[in-house]
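K.L.:
Structure file final-v1.csv (CSV, C-alpha atoms and all ligand atoms) is given on the next line.
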```csv
chain,number,residue,atom,x,y,z
L,234,MET,CA,117.4,32.4,-90.1
L,235,THR,CA,119.0,33.7,-93.4
L,236,SER,CA,121.3,31.9,-95.8
L,237,GLY,CA,124.9,32.3,-94.5
L,238,ALA,CA,123.7,33.2,-91.0
L,239,PRO,CA,126.1,32.4,-88.2
L,240,ILE,CA,126.1,28.8,-86.9
L,241,GLY,CA,127.1,27.8,-83.4
L,242,ILE,CA,128.5,24.3,-82.8
L,243,LEU,CA,128.6,22.9,-79.2
L,244,GLY,CA,131.1,20.0,-79.1
L,245,ALA,CA,134.5,20.1,-80.6
L,246,GLY,CA,135.0,16.4,-81.2
L,247,ALA,CA,135.4,14.7,-84.5
L,248,PHE,CA,131.9,15.5,-85.8
L,249,GLY,CA,131.6,19.0,-84.4
L,250,GLY,CA,135.0,19.8,-85.9
L,251,ALA,CA,134.1,18.3,-89.3
L,252,LEU,CA,130.8,20.2,-89.5
L,253,ALA,CA,132.6,23.4,-88.6
L,254,VAL,CA,135.0,22.9,-91.5
L,255,ALA,CA,132.2,22.2,-93.9
L,256,LEU,CA,129.8,24.9,-92.8
L,257,ALA,CA,132.6,27.5,-92.9
L,258,ALA,CA,132.1,27.4,-96.6
L,259,ARG,CA,128.8,29.2,-96.3
L,260,GLY,CA,129.4,31.6,-93.4
L,261,PRO,CA,130.8,32.2,-90.0
L,262,VAL,CA,130.9,29.3,-87.5
L,263,THR,CA,131.6,29.5,-83.8
L,264,LEU,CA,132.9,26.2,-82.4
L,265,TRP,CA,132.6,25.6,-78.6
L,266,GLY,CA,134.4,22.8,-76.8
L,267,ARG,CA,134.8,22.2,-73.1
L,268,ASP,CA,138.6,21.7,-73.5
L,269,LEU,CA,139.0,24.2,-76.4
L,270,ARG,CA,141.4,27.1,-76.0
L,271,PRO,CA,140.3,30.4,-77.7
L,272,GLY,CA,142.2,30.6,-81.0
L,273,GLN,CA,142.9,26.9,-81.1
L,274,ARG,CA,143.1,25.7,-84.8
L,275,ALA,CA,143.7,22.0,-84.5
L,276,LEU,CA,141.4,19.4,-82.8
L,277,PRO,CA,142.7,16.3,-81.1
L,278,ARG,CA,139.8,14.2,-82.4
L,279,LEU,CA,140.2,15.4,-86.0
L,280,ARG,CA,143.8,14.8,-86.9
L,281,ASP,CA,145.4,16.5,-89.9
L,282,VAL,CA,142.6,19.1,-90.3
L,283,ASP,CA,143.1,22.8,-89.6
L,284,LEU,CA,140.1,24.9,-89.0
L,285,PRO,CA,139.4,27.5,-91.7
L,286,PRO,CA,139.5,31.2,-90.9
L,287,ALA,CA,135.7,31.4,-90.9
L,288,VAL,CA,135.6,29.2,-87.7
L,289,THR,CA,136.1,30.9,-84.4
L,290,THR,CA,136.9,28.7,-81.4
L,291,THR,CA,135.8,29.4,-77.9
L,292,ASP,CA,135.5,27.9,-74.4
L,293,ARG,CA,132.5,30.2,-73.6
L,294,ILE,CA,129.2,28.8,-74.6
L,295,GLU,CA,127.7,32.3,-74.7
L,296,ASP,CA,129.9,33.0,-77.7
L,297,ALA,CA,128.4,30.2,-79.8
L,298,LEU,CA,124.7,30.9,-79.3
L,299,ASP,CA,123.8,31.7,-82.9
L,300,ALA,CA,120.5,31.5,-84.8
L,301,ILE,CA,121.2,27.8,-85.3
L,302,VAL,CA,123.0,25.8,-82.6
L,303,LEU,CA,124.3,22.3,-83.5
L,304,LEU,CA,124.8,19.9,-80.5
L,305,ALA,CA,127.7,17.7,-81.6
L,306,LEU,CA,127.9,15.7,-78.4
L,307,PRO,CA,127.5,12.0,-77.7
L,308,ALA,CA,124.0,10.8,-77.0
L,309,GLN,CA,124.7,9.8,-73.4
L,310,ALA,CA,126.1,13.3,-72.6
L,311,LEU,CA,123.2,15.3,-74.2
L,312,SER,CA,120.7,15.2,-71.4
L,313,GLY,CA,123.1,16.3,-68.6
L,314,PHE,CA,124.6,19.0,-70.9
L,315,LEU,CA,121.2,20.4,-71.8
L,316,SER,CA,120.0,20.4,-68.2
L,317,GLN,CA,123.2,22.2,-67.1
L,318,HIS,CA,122.8,24.9,-69.8
L,319,ALA,CA,119.0,25.0,-70.3
L,320,ALA,CA,118.8,28.7,-69.3
L,321,LEU,CA,121.1,29.6,-72.2
L,322,LEU,CA,119.7,27.1,-74.8
L,323,ASP,CA,116.0,27.1,-74.3
L,324,GLY,CA,114.0,28.9,-77.0
L,325,ARG,CA,116.6,28.3,-79.8
L,326,ALA,CA,116.8,26.2,-82.9
L,327,LEU,CA,118.8,23.2,-81.5
L,328,VAL,CA,120.0,20.5,-83.9
L,329,ALA,CA,121.2,17.3,-82.2
L,330,CYS,CA,123.9,15.5,-84.1
L,331,ALA,CA,124.0,12.5,-81.8
L,332,LYS,CA,123.1,9.0,-82.9
L,333,GLY,CA,121.9,7.1,-79.9
L,334,ILE,CA,119.1,6.5,-77.3
L,335,ASP,CA,119.5,7.9,-73.9
L,336,LEU,CA,120.0,5.0,-71.6
L,337,ASN,CA,118.4,6.6,-68.5
L,338,SER,CA,115.2,7.7,-70.2
L,339,GLY,CA,114.9,5.6,-73.4
L,340,LEU,CA,114.5,8.9,-75.3
L,341,GLY,CA,116.1,9.9,-78.6
L,342,PRO,CA,118.0,13.2,-79.0
L,343,VAL,CA,115.0,15.3,-80.1
L,344,GLU,CA,112.9,14.2,-77.1
L,345,VAL,CA,115.9,14.7,-74.8
L,346,ILE,CA,116.1,18.3,-76.1
L,347,ALA,CA,112.3,18.8,-75.7
L,348,ALA,CA,112.5,17.5,-72.1
L,349,ALA,CA,115.3,19.8,-71.1
L,350,CYS,CA,114.4,22.9,-73.3
L,351,PRO,CA,110.6,22.8,-73.8
L,352,ASN,CA,110.6,26.1,-75.8
L,353,ALA,CA,113.4,25.1,-78.2
L,354,THR,CA,112.8,24.0,-81.8
L,355,PRO,CA,114.5,20.6,-81.8
L,356,ALA,CA,115.8,18.8,-84.8
L,357,VAL,CA,118.3,16.1,-85.6
L,358,LEU,CA,121.0,15.9,-88.2
L,359,THR,CA,121.9,12.3,-89.1
L,360,GLY,CA,122.7,10.0,-92.1
L,361,PRO,CA,125.8,8.3,-93.4
L,362,SER,CA,128.8,10.6,-92.8
L,363,PHE,CA,132.2,10.0,-91.5
L,364,ALA,CA,133.7,13.1,-89.8
L,365,HIS,CA,137.0,12.5,-91.7
L,366,ASP,CA,135.2,12.5,-95.0
L,367,ILE,CA,133.2,15.7,-94.3
L,368,ALA,CA,136.3,17.5,-93.0
L,369,ARG,CA,138.2,16.6,-96.2
L,370,GLY,CA,135.4,18.1,-98.3
L,371,LEU,CA,134.2,14.8,-99.7
L,372,PRO,CA,130.6,14.7,-101.0
L,373,THR,CA,128.2,13.6,-98.3
L,374,ALA,CA,124.4,13.3,-98.0
L,375,LEU,CA,122.7,13.8,-94.7
L,376,THR,CA,119.1,13.8,-93.3
L,377,LEU,CA,117.7,16.7,-91.3
L,378,ALA,CA,114.6,15.7,-89.3
L,379,CYS,CA,112.3,18.2,-87.7
L,380,ALA,CA,108.6,17.9,-86.8
L,381,ASP,CA,108.0,21.4,-87.9
L,382,GLU,CA,108.2,21.3,-91.7
L,383,ALA,CA,108.8,25.0,-92.3
L,384,GLN,CA,111.7,24.8,-89.8
L,385,ALA,CA,113.0,21.6,-91.5
L,386,ILE,CA,113.1,23.5,-94.8
L,387,ALA,CA,114.9,26.4,-93.3
L,388,LEU,CA,117.5,24.2,-91.5
L,389,GLN,CA,118.0,22.2,-94.7
L,390,ALA,CA,118.9,25.3,-96.6
L,391,ALA,CA,121.1,26.7,-93.8
L,392,LEU,CA,123.1,23.5,-93.4
L,393,SER,CA,123.7,22.6,-97.1
L,394,THR,CA,126.9,23.4,-98.9
L,395,PRO,CA,128.0,22.5,-102.4
L,396,VAL,CA,129.3,19.2,-101.1
L,397,LEU,CA,127.1,18.6,-98.1
L,398,ARG,CA,123.7,17.6,-99.5
L,399,VAL,CA,121.0,17.7,-96.8
L,400,TYR,CA,117.7,16.0,-97.3
L,401,ARG,CA,114.8,16.6,-94.9
L,402,THR,CA,112.0,14.7,-93.2
L,403,THR,CA,109.4,15.4,-90.6
L,404,ASP,CA,109.7,11.8,-89.4
L,405,VAL,CA,111.9,12.5,-86.4
L,406,ILE,CA,111.5,9.2,-84.7
L,407,GLY,CA,112.4,7.3,-87.9
L,408,ALA,CA,115.4,9.4,-88.6
L,409,GLU,CA,116.9,9.3,-85.1
L,410,LEU,CA,116.2,5.6,-84.5
L,411,GLY,CA,117.8,4.7,-87.8
L,412,GLY,CA,120.9,6.5,-86.8
L,413,ALA,CA,120.9,5.1,-83.3
L,414,LEU,CA,120.2,1.5,-84.1
L,415,LYS,CA,122.6,1.2,-87.0
L,416,ASN,CA,125.4,1.6,-84.5
L,417,VAL,CA,124.2,-1.5,-82.6
L,418,ILE,CA,124.0,-3.6,-85.8
L,419,ALA,CA,127.5,-2.3,-86.8
L,420,ILE,CA,128.9,-3.8,-83.5
L,421,ALA,CA,127.3,-7.1,-84.4
L,422,ALA,CA,128.7,-7.0,-88.0
L,423,GLY,CA,132.2,-6.1,-86.7
L,424,ALA,CA,132.0,-8.9,-84.1
L,425,ALA,CA,131.1,-11.4,-86.8
L,426,ILE,CA,134.1,-10.3,-88.9
L,427,GLY,CA,136.4,-10.1,-85.9
L,428,ALA,CA,135.4,-13.7,-84.9
L,429,GLY,CA,136.1,-14.9,-88.4
L,430,PHE,CA,132.4,-15.8,-89.2
L,431,GLY,CA,132.9,-14.3,-92.7
L,432,ASP,CA,131.1,-11.9,-95.1
L,433,SER,CA,128.0,-14.1,-95.6
L,434,ALA,CA,127.3,-13.9,-91.9
L,435,ARG,CA,127.8,-10.1,-92.0
L,436,ALA,CA,125.3,-9.9,-94.9
L,437,ALA,CA,122.8,-11.8,-92.8
L,438,ILE,CA,123.4,-9.5,-89.8
L,439,ILE,CA,122.9,-6.4,-91.9
L,440,THR,CA,119.7,-7.7,-93.4
L,441,ARG,CA,118.2,-9.2,-90.2
L,442,GLY,CA,119.5,-6.2,-88.3
L,443,PHE,CA,117.7,-3.9,-90.7
L,444,ALA,CA,114.5,-5.8,-90.0
L,445,GLU,CA,115.0,-5.3,-86.3
L,446,MET,CA,115.6,-1.5,-86.8
L,447,THR,CA,112.4,-1.2,-88.8
L,448,ARG,CA,110.4,-3.3,-86.3
L,449,LEU,CA,111.4,-1.1,-83.3
L,450,ALA,CA,111.2,2.2,-85.2
L,451,VAL,CA,107.7,1.5,-86.6
L,452,SER,CA,106.5,0.3,-83.2
L,453,ARG,CA,107.7,3.7,-81.8
L,454,GLY,CA,105.7,5.6,-84.5
L,455,ALA,CA,108.2,5.9,-87.4
L,456,ARG,CA,107.3,5.5,-91.0
L,457,ALA,CA,108.8,2.3,-92.5
L,458,ASP,CA,110.1,4.2,-95.6
L,459,THR,CA,112.2,6.5,-93.4
L,460,LEU,CA,114.2,3.4,-92.4
L,461,THR,CA,115.0,2.7,-96.1
L,462,GLY,CA,116.5,6.2,-96.5
L,463,LEU,CA,119.9,7.7,-95.7
L,464,SER,CA,119.4,7.8,-91.9
L,465,GLY,CA,118.5,4.1,-91.8
L,466,LEU,CA,119.7,1.7,-94.5
L,467,GLY,CA,122.2,4.3,-95.9
L,468,ASP,CA,124.0,4.6,-92.6
L,469,LEU,CA,123.7,1.0,-91.7
L,470,VAL,CA,125.5,0.0,-94.9
L,471,LEU,CA,128.3,2.5,-94.3
L,472,THR,CA,128.8,1.6,-90.7
L,473,CYS,CA,128.7,-2.2,-91.1
L,474,THR,CA,131.2,-2.2,-94.0
L,475,SER,CA,133.9,0.3,-93.1
L,476,GLU,CA,136.7,0.3,-90.6
L,477,GLY,CA,136.2,4.0,-90.6
L,478,SER,CA,133.4,3.3,-88.2
L,479,ARG,CA,134.2,3.2,-84.5
L,480,ASN,CA,131.2,1.0,-83.8
L,481,PHE,CA,132.4,-1.5,-86.4
L,482,ARG,CA,136.0,-1.4,-85.1
L,483,PHE,CA,134.7,-1.9,-81.5
L,484,GLY,CA,132.8,-5.0,-82.8
L,485,LEU,CA,135.9,-6.2,-84.6
L,486,ALA,CA,137.9,-6.1,-81.3
L,487,LEU,CA,135.0,-7.7,-79.4
L,488,GLY,CA,134.8,-10.6,-81.9
L,489,ALA,CA,138.6,-11.1,-81.9
L,490,GLY,CA,138.8,-10.9,-78.1
L,491,GLU,CA,141.1,-7.9,-78.3
L,492,PRO,CA,141.0,-4.7,-76.1
L,493,PHE,CA,139.5,-1.5,-77.4
L,494,ASP,CA,140.5,2.1,-76.2
L,495,PRO,CA,137.7,3.1,-73.8
L,496,ALA,CA,138.3,6.8,-74.6
L,497,ILE,CA,136.8,6.3,-78.1
L,498,THR,CA,133.1,7.2,-78.5
L,499,VAL,CA,131.2,4.0,-79.3
L,500,GLU,CA,127.5,5.0,-79.3
L,501,GLY,CA,126.2,1.5,-80.0
L,502,VAL,CA,127.2,0.1,-76.5
L,503,ALA,CA,124.7,2.1,-74.4
L,504,THR,CA,122.2,2.2,-77.2
L,505,ALA,CA,122.1,-1.6,-77.5
L,506,SER,CA,121.0,-1.8,-73.8
L,507,ALA,CA,118.5,1.1,-74.3
L,508,ALA,CA,117.1,-0.5,-77.4
L,509,ALA,CA,116.8,-3.9,-75.8
L,510,ALA,CA,114.9,-2.3,-72.9
L,511,LEU,CA,112.6,-0.5,-75.3
L,512,ALA,CA,112.0,-3.8,-77.2
L,513,ARG,CA,111.1,-5.6,-74.0
L,514,ALA,CA,108.7,-2.8,-73.1
L,515,GLU,CA,107.1,-3.0,-76.5
L,516,GLY,CA,107.0,-6.8,-76.5
L,517,LEU,CA,109.2,-7.0,-79.5
L,518,ASP,CA,111.8,-9.7,-80.4
L,519,LEU,CA,115.1,-8.1,-81.4
L,520,PRO,CA,117.6,-11.0,-81.1
L,521,ILE,CA,120.6,-9.3,-82.7
L,522,THR,CA,120.2,-6.2,-80.6
L,523,ALA,CA,119.8,-8.3,-77.4
L,524,ALA,CA,122.9,-10.3,-78.4
L,525,VAL,CA,124.9,-7.1,-78.8
L,526,SER,CA,123.6,-5.8,-75.4
L,527,ASP,CA,124.6,-9.1,-73.7
L,528,LEU,CA,128.0,-9.2,-75.4
L,529,CYS,CA,128.8,-5.6,-74.4
L,530,GLN,CA,127.7,-6.2,-70.8
L,531,GLY,CA,129.7,-9.4,-70.5
L,532,ARG,CA,126.6,-11.6,-70.2
L,533,ALA,CA,127.5,-13.6,-73.4
L,534,THR,CA,130.5,-14.5,-75.3
L,535,ILE,CA,130.8,-14.3,-79.1
L,536,GLN,CA,130.3,-18.1,-79.2
L,537,THR,CA,127.3,-18.3,-76.9
L,538,ALA,CA,125.7,-15.3,-78.7
L,539,LEU,CA,126.1,-17.0,-82.1
L,540,ALA,CA,124.8,-20.3,-80.8
L,541,ALA,CA,121.7,-18.6,-79.4
L,542,LEU,CA,121.0,-16.8,-82.7
L,543,LEU,CA,121.4,-20.0,-84.7
L,544,ALA,CA,119.2,-22.0,-82.3
L,545,ARG,CA,116.2,-19.8,-82.8
L,546,PRO,CA,113.1,-21.4,-84.3
L,547,LEU,CA,113.1,-21.5,-88.1
L,548,LYS,CA,110.7,-18.8,-89.5
L,549,GLU,CA,109.4,-17.1,-92.6
L,550,GLU,CA,111.5,-14.2,-93.8
X,601,LIG,N1,132.5,11.0,-85.9
X,601,LIG,C1,131.7,10.8,-86.9
X,601,LIG,O1,132.1,10.4,-88.0
X,601,LIG,C2,130.2,11.1,-86.7
X,601,LIG,C3,129.4,11.2,-87.8
X,601,LIG,C4,128.1,11.4,-87.7
X,601,LIG,C5,127.5,11.5,-86.4
X,601,LIG,N2,128.3,11.4,-85.3
X,601,LIG,C6,127.7,11.5,-84.0
X,601,LIG,O2,128.1,12.7,-83.4
X,601,LIG,C7,128.1,12.5,-81.9
X,601,LIG,C8,129.4,13.0,-81.4
X,601,LIG,O3,130.4,12.1,-82.0
X,601,LIG,P1,131.9,12.6,-82.2
X,601,LIG,O4,132.4,11.7,-83.3
X,601,LIG,O5,132.1,14.0,-82.4
X,601,LIG,O6,132.6,12.1,-80.8
X,601,LIG,P2,134.0,12.5,-80.3
X,601,LIG,O7,134.3,11.5,-79.2
X,601,LIG,O8,135.0,12.7,-81.3
X,601,LIG,O9,133.7,13.9,-79.6
X,601,LIG,C9,132.8,14.1,-78.6
X,601,LIG,C10,133.0,15.5,-78.0
X,601,LIG,O10,132.0,15.7,-77.0
X,601,LIG,C11,132.6,16.3,-75.9
X,601,LIG,N3,131.8,16.0,-74.7
X,601,LIG,C12,131.5,14.7,-74.2
X,601,LIG,N4,130.7,14.8,-73.1
X,601,LIG,C13,130.5,16.2,-72.9
X,601,LIG,C14,129.8,16.9,-72.0
X,601,LIG,N5,129.1,16.4,-71.0
X,601,LIG,N6,129.9,18.3,-72.0
X,601,LIG,C15,130.6,18.9,-73.0
X,601,LIG,N7,131.3,18.2,-74.0
X,601,LIG,C16,131.2,16.9,-73.9
X,601,LIG,C17,134.0,15.7,-75.8
X,601,LIG,O11,134.9,16.4,-75.0
X,601,LIG,C18,134.4,15.6,-77.3
X,601,LIG,O12,135.0,16.8,-77.7
X,601,LIG,C19,127.9,11.0,-81.7
X,601,LIG,O13,126.5,10.7,-81.4
X,601,LIG,C20,128.2,10.4,-83.1
X,601,LIG,O14,127.4,9.2,-83.3
X,601,LIG,C21,129.7,11.2,-85.4
X,602,LIG,O1,132.3,6.0,-86.2
X,602,LIG,P1,130.9,5.6,-85.9
X,602,LIG,O2,130.7,4.2,-85.9
X,602,LIG,O3,130.4,6.4,-84.7
X,602,LIG,O4,130.1,6.1,-87.2
X,602,LIG,C1,130.1,7.5,-87.6
X,602,LIG,C2,128.9,7.9,-88.3
X,602,LIG,O5,127.7,7.7,-87.5
X,602,LIG,C3,128.7,7.2,-89.7
X,602,LIG,O6,127.6,7.7,-90.3
```
Rewrite the coordinates I just gave you, this time as structure tokens.

P.N.:
Amino acid sequence: MTSGAPIGILGAGAFGGALAVALAARGPVTLWGRDLRPGQRALPRLRDVDLPPAVTTTDRIEDALDAIVLLALPAQALSGFLSQHAALLDGRALVACAKGIDLNSGLGPVEVIAAACPNATPAVLTGPSFAHDIARGLPTALTLACADEAQAIALQAALSTPVLRVYRTTDVIGAELGGALKNVIAIAAGAAIGAGFGDSARAAIITRGFAEMTRLAVSRGARADTLTGLSGLGDLVLTCTSEGSRNFRFGLALGAGEPFDPAITVEGVATASAAAALARAEGLDLPITAAVSDLCQGRATIQTALAALLARPLKEE
């Protein structure tokens, strides 16, 4: 894997498209999408952005199997996609870009890769980053997590550009759970704002939500300090405070009792249920996560969820 080596991106949604634009600054990129026409230069999920000449678009996965393959697909689609294409993908450096927990298995993206492609070198790219910011060339810092440190160093170098600053860690569980769980807390923050509970309530949700993220991640084997980094606290702050976030906007609609376009990817919905199940299995108390899961599944209203959270026994912080 040399600097400027070709990169393949599977998934031509907002994030796959944005990464293609950014990584084209350092070498050739092949972008595969299931609905992509060869030669297509504009992406429906990434409005007002034209792909640069260094990006080749294709609807043949075989064309995008470069030394590094980024998987820019939603978390709930990853397992099925990998199983379907395992023969092509196994044995490669596969970098998941998804932020979620697989609802069926309770696994994070790296474990999902390992299960479907046992000979691949799996990694995850996460951290605070809106596709529309990256595609516009705005400065962004990400986290690359890979259990193999030498591979983490190589991927970090290969995926960094003058404006895309990639940090690395070998704490895969911590990095991927931070990215997954912040989406759940962002739904709660959005719901609080949408329901008119105010900014003080949002600050409480961010803080107590962060405690829940850390509790579950540490219980699953993460280092607590990973959660204070870009992939945890960094992304939590971004996603809970910006209407650029789909999870936050979904929460806003939920809190306001308004409809939300079901075609928009909102990772926190499935991940709330997956995280609540993991917490039950680990004997952990994650009240905000459970409330989001109940809200999303229609088992609670915004008022009953708030009442349940406020009625909890008083405790030490
Ligand atoms: N958009 C962002 O700002 C952003 C930033 C960082 C990380 N992410 C993460 O990246 C992942 C993808 O998000 P996105 O924003 O690109 O979503 P998106 O909805 O914009 O695009 C998802 C793409 O995946 C494709 N897809 C879905 N299921 C598929 C399947 N089974 N086979 C093949 N293709 C399939 C869709 O056709 C679509 O092109 C999510 O986990 C998200 O959390 C997104
Ligand atoms: O739009 P969201 O809520 O999926 O968030 C996008 C990124 O994960 C922000 O880092």

K.L.:
Would you please work out which residue, of L:Gly313, L:Gly266, L:Gly360, L:Pro395, is nearest to ligand LIG 602 (chain X) when using only C-alpha atoms and all ligand atoms?

P.N.:
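Ranking L:Gly313, L:Gly266, L:Gly360, L:Pro395 by distance to ligand LIG 602 (chain X), first place goes to L:Gly360.
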
K.L.:
Could you check how far atom CA of Thr290 of chain L sits from atom CA of Pro355 of chain L, in Å to one decimal?

P.N.:
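It comes out at 23.8 Å.
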
K.L.:
Write out as a PyMOL selection string the residues lying within 10 Å of Leu252 of chain L, counting only C-alpha atoms and excluding same-chain residues fewer than 5 positions away.

P.N.:
chain L and resi 242+245+247+257+262+264+303+305+330+364+367-368+392+397

K.L.:
Distance limit 6 Å, reference ligand LIG 602 (chain X), atoms considered: only C-alpha atoms and all ligand atoms. Which residues make the cut? Give them as a PyMOL selection string.

P.N.:
chain L and resi 360-363+468+472+478-481+499

K.L.:
Could you pull out the residues sitting within 9 Å of ligand LIG 601 (chain X), using all atoms listed in the file, and write them as a ChimeraX atom specification?

P.N.:
/L:243-251,265-269,276-279,304-315,329-333,358-367,412-413,416,477-479,496-501

K.L.:
Distance atom CA of Pro239 of chain L-atom CA of Leu321 of chain L, one decimal place?

P.N.:
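Taking atom CA of Pro239 of chain L and atom CA of Leu321 of chain L, their separation equals 17.0 Å.
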
K.L.:
Show me, as a ChimeraX atom specification, the residues that have an atom within 12 Å of Ile420 of chain L when counting all atoms listed in the file, minus same-chain residues fewer than 4 positions from it.

P.N.:
/L:413-416,424-428,435,438-439,442,469,472-476,478-488,499-505,521-529,535

K.L.:
Write out the residues from the selection above, keeping C-alpha atoms, as a compact mmCIF listing (two decimals), in the frame of the given file.

P.N.:
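And here's part24.txt as it stands now:
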```txt
# COMPACT_ATOMS: atom_id res chain seq x y z
CA ALA L 413 120.90 5.10 -83.30
CA LEU L 414 120.20 1.50 -84.10
CA LYS L 415 122.60 1.20 -87.00
CA ASN L 416 125.40 1.60 -84.50
CA ALA L 424 132.00 -8.90 -84.10
CA ALA L 425 131.10 -11.40 -86.80
CA ILE L 426 134.10 -10.30 -88.90
CA GLY L 427 136.40 -10.10 -85.90
CA ALA L 428 135.40 -13.70 -84.90
CA ARG L 435 127.80 -10.10 -92.00
CA ILE L 438 123.40 -9.50 -89.80
CA ILE L 439 122.90 -6.40 -91.90
CA GLY L 442 119.50 -6.20 -88.30
CA LEU L 469 123.70 1.00 -91.70
CA THR L 472 128.80 1.60 -90.70
CA CYS L 473 128.70 -2.20 -91.10
CA THR L 474 131.20 -2.20 -94.00
CA SER L 475 133.90 0.30 -93.10
CA GLU L 476 136.70 0.30 -90.60
CA SER L 478 133.40 3.30 -88.20
CA ARG L 479 134.20 3.20 -84.50
CA ASN L 480 131.20 1.00 -83.80
CA PHE L 481 132.40 -1.50 -86.40
CA ARG L 482 136.00 -1.40 -85.10
CA PHE L 483 134.70 -1.90 -81.50
CA GLY L 484 132.80 -5.00 -82.80
CA LEU L 485 135.90 -6.20 -84.60
CA ALA L 486 137.90 -6.10 -81.30
CA LEU L 487 135.00 -7.70 -79.40
CA GLY L 488 134.80 -10.60 -81.90
CA VAL L 499 131.20 4.00 -79.30
CA GLU L 500 127.50 5.00 -79.30
CA GLY L 501 126.20 1.50 -80.00
CA VAL L 502 127.20 0.10 -76.50
CA ALA L 503 124.70 2.10 -74.40
CA THR L 504 122.20 2.20 -77.20
CA ALA L 505 122.10 -1.60 -77.50
CA ILE L 521 120.60 -9.30 -82.70
CA THR L 522 120.20 -6.20 -80.60
CA ALA L 523 119.80 -8.30 -77.40
CA ALA L 524 122.90 -10.30 -78.40
CA VAL L 525 124.90 -7.10 -78.80
CA SER L 526 123.60 -5.80 -75.40
CA ASP L 527 124.60 -9.10 -73.70
CA LEU L 528 128.00 -9.20 -75.40
CA CYS L 529 128.80 -5.60 -74.40
CA ILE L 535 130.80 -14.30 -79.10
```

K.L.:
Using all atoms listed in the file, find the one residue out of L:Thr373, L:Thr537, L:Thr403, L:Arg325 that sits nearest to Ile386 of chain L.

P.N.:
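For Ile386 of chain L, the nearest of the given residues is L:Thr403.
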
K.L.:
Looking at all atoms listed in the file, which of L:Asp323, L:Glu549, L:Asp335, L:Glu295 is the one that sits closest to Ala349 of chain L?

P.N.:
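That would be L:Asp323, the residue with the smallest distance to Ala349 of chain L.
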